[in-house]
Structures are given as structure tokens and as C-alpha cells.
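Colleague: Quick one: this structure, given as C-alpha cells, is what I'll be asking you about.
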Amino acid sequence: MKYISLILFGVWVVAELLAAKSYGQETGGAAGLVGAEGLVTAALKQTKQVVRYDPAYVVLDYPGGDVPADTGVCSDVVVRAYRALGIDLQVLVHEDMKAHFSAYPKLWGLRVTDRNIDHRRVPNLQRFFERQGAELSEAEVYLPGDLVAWDLTGNGLWHIGLVVAPDRFVHNIGAGPEESEGIGQWKVVGHYRYPR
């Protein structure tokens with residue numbers, strides 16, 4: 001019975017990935033990854049790497065800047081997965097914030113954008129995805145490649161992860177990138193599919 005369940009799950013995952021591909025854009029990223037399947041592959045690859053959770057402010061190159069490969073936070077999982085597809089959220093978020101600064105959260109007392117950190121802040125990523133029309137309703141099914149944002153404490157401790165399978169996601173909550181189960185274990189405050 002266990003093997004039948006595994007086979008059925010495998011068939012479901014393949015079907016979901018094929019369906020999810022329909023909304024992915026072929027960007028020809030550096031790794032040859034495309035669409036939702038590429039995001040899932042890039043996120044899962046990160047779970048095989050040793051990464052120390054480190055929220056320190058770091059001065060980054062621009063464009064294409066990243067914190068050292070052996071460090072990162074939850075948002076870095078997302079940024080790195082998209083970058084594997086050739087989508088640079090550092091540039092996209094920075095340019096959108098520069099053009100529409102007043103539309104972004106004012107939680108850090110900044111008066112101007114900061115290309116070193118803005119794309120690493122979950123509320124900024126949420127606003128960027130909302131502004132790009134990528135926000136989904138709570139009723140939408142979570143598909144592989146979707147993003148989920150949470151408020152872990154109900155008091156503004158934000159978190160973000162990338163859906164890789166039914167009720168499974170990759171995130172970094174403190175021990176490096178890991179695959180976890182239970183999307184609803186924390187308060188969901190955002191569900192996004194980008195690009196649409």
C-alpha cells in the first residue's frame with residue numbers, strides 16, 4: 001500500500017508541474033531552468049547546501065548581488081531560486097521601489113531605497129509581487145513554484161517560502177534551507193505566483 005501511495009503521489013507531482021509550467025515564462029536563466037519547475041528545482045537544490053542563518057546587513061554588488069553563499073535568510077532562498085531562472089529580484093524590487101517608493105512599507109524608517117537590503121525584506125517582496133499582479137486569493141490552490149508569506153507570531157515576524165509539492169515548501173527558518181510540510185502551520189499573509 002505504501003508503494004502505491006508513493007506512485008500516486010509521483011504521478012500527481014508530475015501532473016502539477018506540467019500544469020504549473022503553463023504560467024511559467026521561459027527566461028533562459030543561467031542554469032537553463034524555466035518556469036515553476038525551474039523554481040522548484042532551484043529551491044530544492046538549496047536544501048543540499050550548507051547555509052548558516054545570518055540576517056546581517058551586507059553591502060552587495062549591483063546588479064546580481066548576493067550575500068555569501070554559505071549565509072542567508074528566508075528571503076535569500078526566494079531570491080536565489082529566481083536568480084537561477086535569470087530573474088534578478090534585487091534589480092526588480094530596487095527599480096520598482098525607486099519609481100514607487102511611497103507604495104512600499106515604511107517599517108524601517110528609510111527615506112530612500114537601499115539596493116543592498118530592500119529585496120531581502122519579506123514585506124517589500126510581498127508589495128513587489130502585489131504590484132506585479134502576482135497576488136492570489138486564499139482560496140487558490142498552492143501550486144509548485146508559488147510563494148507563501150507568513151506572520152510567524154501574529155506580531156510582524158515575517159517569513160517566506162517557495163512551494164515545491166502539495167503542502168510542502170522550501171524555506172530558511174534558522175537552520176539553512178530546508179523542505180518542510182504544513183503551509184498552514186503559521187498565519188498565511190500572502191500567496192503569490194510570479195511571473196504569471
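In the C-alpha cells, the first chain shown is A, the next is B, and so on; residue numbers restart at 1 for each chain, and ligands run from 1 in the order shown.
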Name all residues at most 12 Å from A:Pro123 (count only C-alpha atoms; drop same-chain ones fewer than 3 positions away) and give them as a list in words.

Modeller: Ser75, Val93, Ala103, Tyr104, Pro105, Lys106, Leu107, Trp108, Ile117, Asp118, His119, Arg120, Gln126, Arg127, Phe128, Phe129, Glu130, Val148, Ala149, Trp150, Asp151, Gly156, Leu157, Trp158, His159, Ile160, Val189 and Gly190 of chain A

Colleague: Just C-alpha atoms for this one: save the residues we selected as a CSV table (one decimal), in the first residue's frame.

Modeller:
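Below is the file out_27.csv, written as the result:
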```csv
chain,number,residue,atom,x,y,z
A,75,SER,CA,14.1,35.7,1.5
A,93,VAL,CA,12.5,45.3,-6.4
A,103,ALA,CA,3.8,52.3,-2.3
A,104,TYR,CA,6.2,50.3,-0.2
A,105,PRO,CA,6.0,49.6,3.6
A,106,LYS,CA,7.7,52.2,5.8
A,107,LEU,CA,8.8,49.8,8.6
A,108,TRP,CA,12.5,50.6,8.8
A,117,ILE,CA,18.6,45.0,1.6
A,118,ASP,CA,15.3,46.1,0.1
A,119,HIS,CA,14.8,42.8,-1.8
A,120,ARG,CA,15.7,40.8,1.3
A,126,GLN,CA,5.1,41.0,-0.8
A,127,ARG,CA,4.5,44.5,-2.1
A,128,PHE,CA,6.5,43.9,-5.2
A,129,PHE,CA,4.6,40.8,-6.1
A,130,GLU,CA,1.3,42.5,-5.3
A,148,VAL,CA,3.9,31.8,0.6
A,149,ALA,CA,4.4,34.6,3.1
A,150,TRP,CA,3.6,34.1,6.8
A,151,ASP,CA,3.5,36.1,10.0
A,156,GLY,CA,5.1,41.0,12.5
A,157,LEU,CA,7.7,38.3,12.4
A,158,TRP,CA,7.6,37.8,8.6
A,159,HIS,CA,8.7,34.7,6.7
A,160,ILE,CA,8.6,33.5,3.1
A,189,VAL,CA,-0.3,36.6,4.9
A,190,GLY,CA,0.4,36.2,1.3
```

Colleague: What are the DSSP alpha helix (DSSP H) residues of stretch 125-167 of chain A, as a tab-separated table (two decimals) with C-alpha atoms, in the first residue's frame?

Modeller:
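As written to disk, states-v8.tsv reads:
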```tsv
chain	number	residue	atom	x	y	z
A	125	LEU	CA	8.84	41.28	-1.64
A	126	GLN	CA	5.14	41.00	-0.84
A	127	ARG	CA	4.47	44.52	-2.07
A	128	PHE	CA	6.54	43.93	-5.21
A	129	PHE	CA	4.60	40.75	-6.06
A	130	GLU	CA	1.29	42.51	-5.34
A	131	ARG	CA	2.29	45.39	-7.63
```

Colleague: Residues within 6 Å of A:Leu162, please, as an mmCIF file with C-alpha atoms, in the first residue's frame. Count only C-alpha atoms; anything in the same chain fewer than 6 positions from it doesn't count.

Modeller:
```cif
data_model
loop_
_atom_site.group_PDB
_atom_site.id
_atom_site.type_symbol
_atom_site.label_atom_id
_atom_site.label_comp_id
_atom_site.auth_asym_id
_atom_site.auth_seq_id
_atom_site.Cartn_x
_atom_site.Cartn_y
_atom_site.Cartn_z
ATOM 1 C CA ASP A 146 4.158 29.528 -5.734
ATOM 2 C CA LEU A 147 5.403 31.744 -2.916
ATOM 3 C CA PHE A 169 7.777 24.193 0.790
ATOM 4 C CA VAL A 170 11.429 25.197 0.953
#
```

Colleague: Taking into account only C-alpha atoms, which residue in the set A:Val122, A:Arg115, A:Val164, A:Arg193 is nearest to A:Glu181?

Modeller: A:Val164

Colleague: Can you pull out the residues contacting stretch 65-74 of chain A? Cut-off 7 Å, using only C-alpha atoms, and skip same-chain residues under 3 positions away; I want them as a PyMOL selection string.

Modeller: chain A and resi 50-55+58+60-62+77+159-161+171-173

Colleague: Have a look at atom CA of A:Arg168 and atom CA of A:Val141 and let me know their distance in Å, one decimal.

Modeller: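 Atom CA of A:Arg168 sits 12.6 Å away from atom CA of A:Val141.
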
Colleague: Separation of atom CA of A:Thr153 and atom CA of A:Lys187, in Å?

Modeller: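 Between these atoms lies a distance of 8.0 Å.
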
Colleague: If DSSP is run on the backbone, what residues of chain A are strand (DSSP E or B)? A reply as number ranges by chain would be ideal.

Modeller: A: 52-53, 71-72, 135, 147-151, 158-165, 168-171, 178-181, 187-192

Colleague: For A:Val163, which residue out of A:Val34, A:Ala81, A:Val59, A:Met97 is the nearest one, using only C-alpha atoms?

Modeller: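 Of A:Val34, A:Ala81, A:Val59, A:Met97, the one nearest A:Val163, counting only C-alpha atoms, is A:Ala81.
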
Colleague: In Å, with one decimal, what is the gap from atom CA of A:Leu136 to atom CA of A:Ser102?

Modeller: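 Spanning atom CA of A:Leu136 to atom CA of A:Ser102 is a straight-line distance of 22.8 Å.
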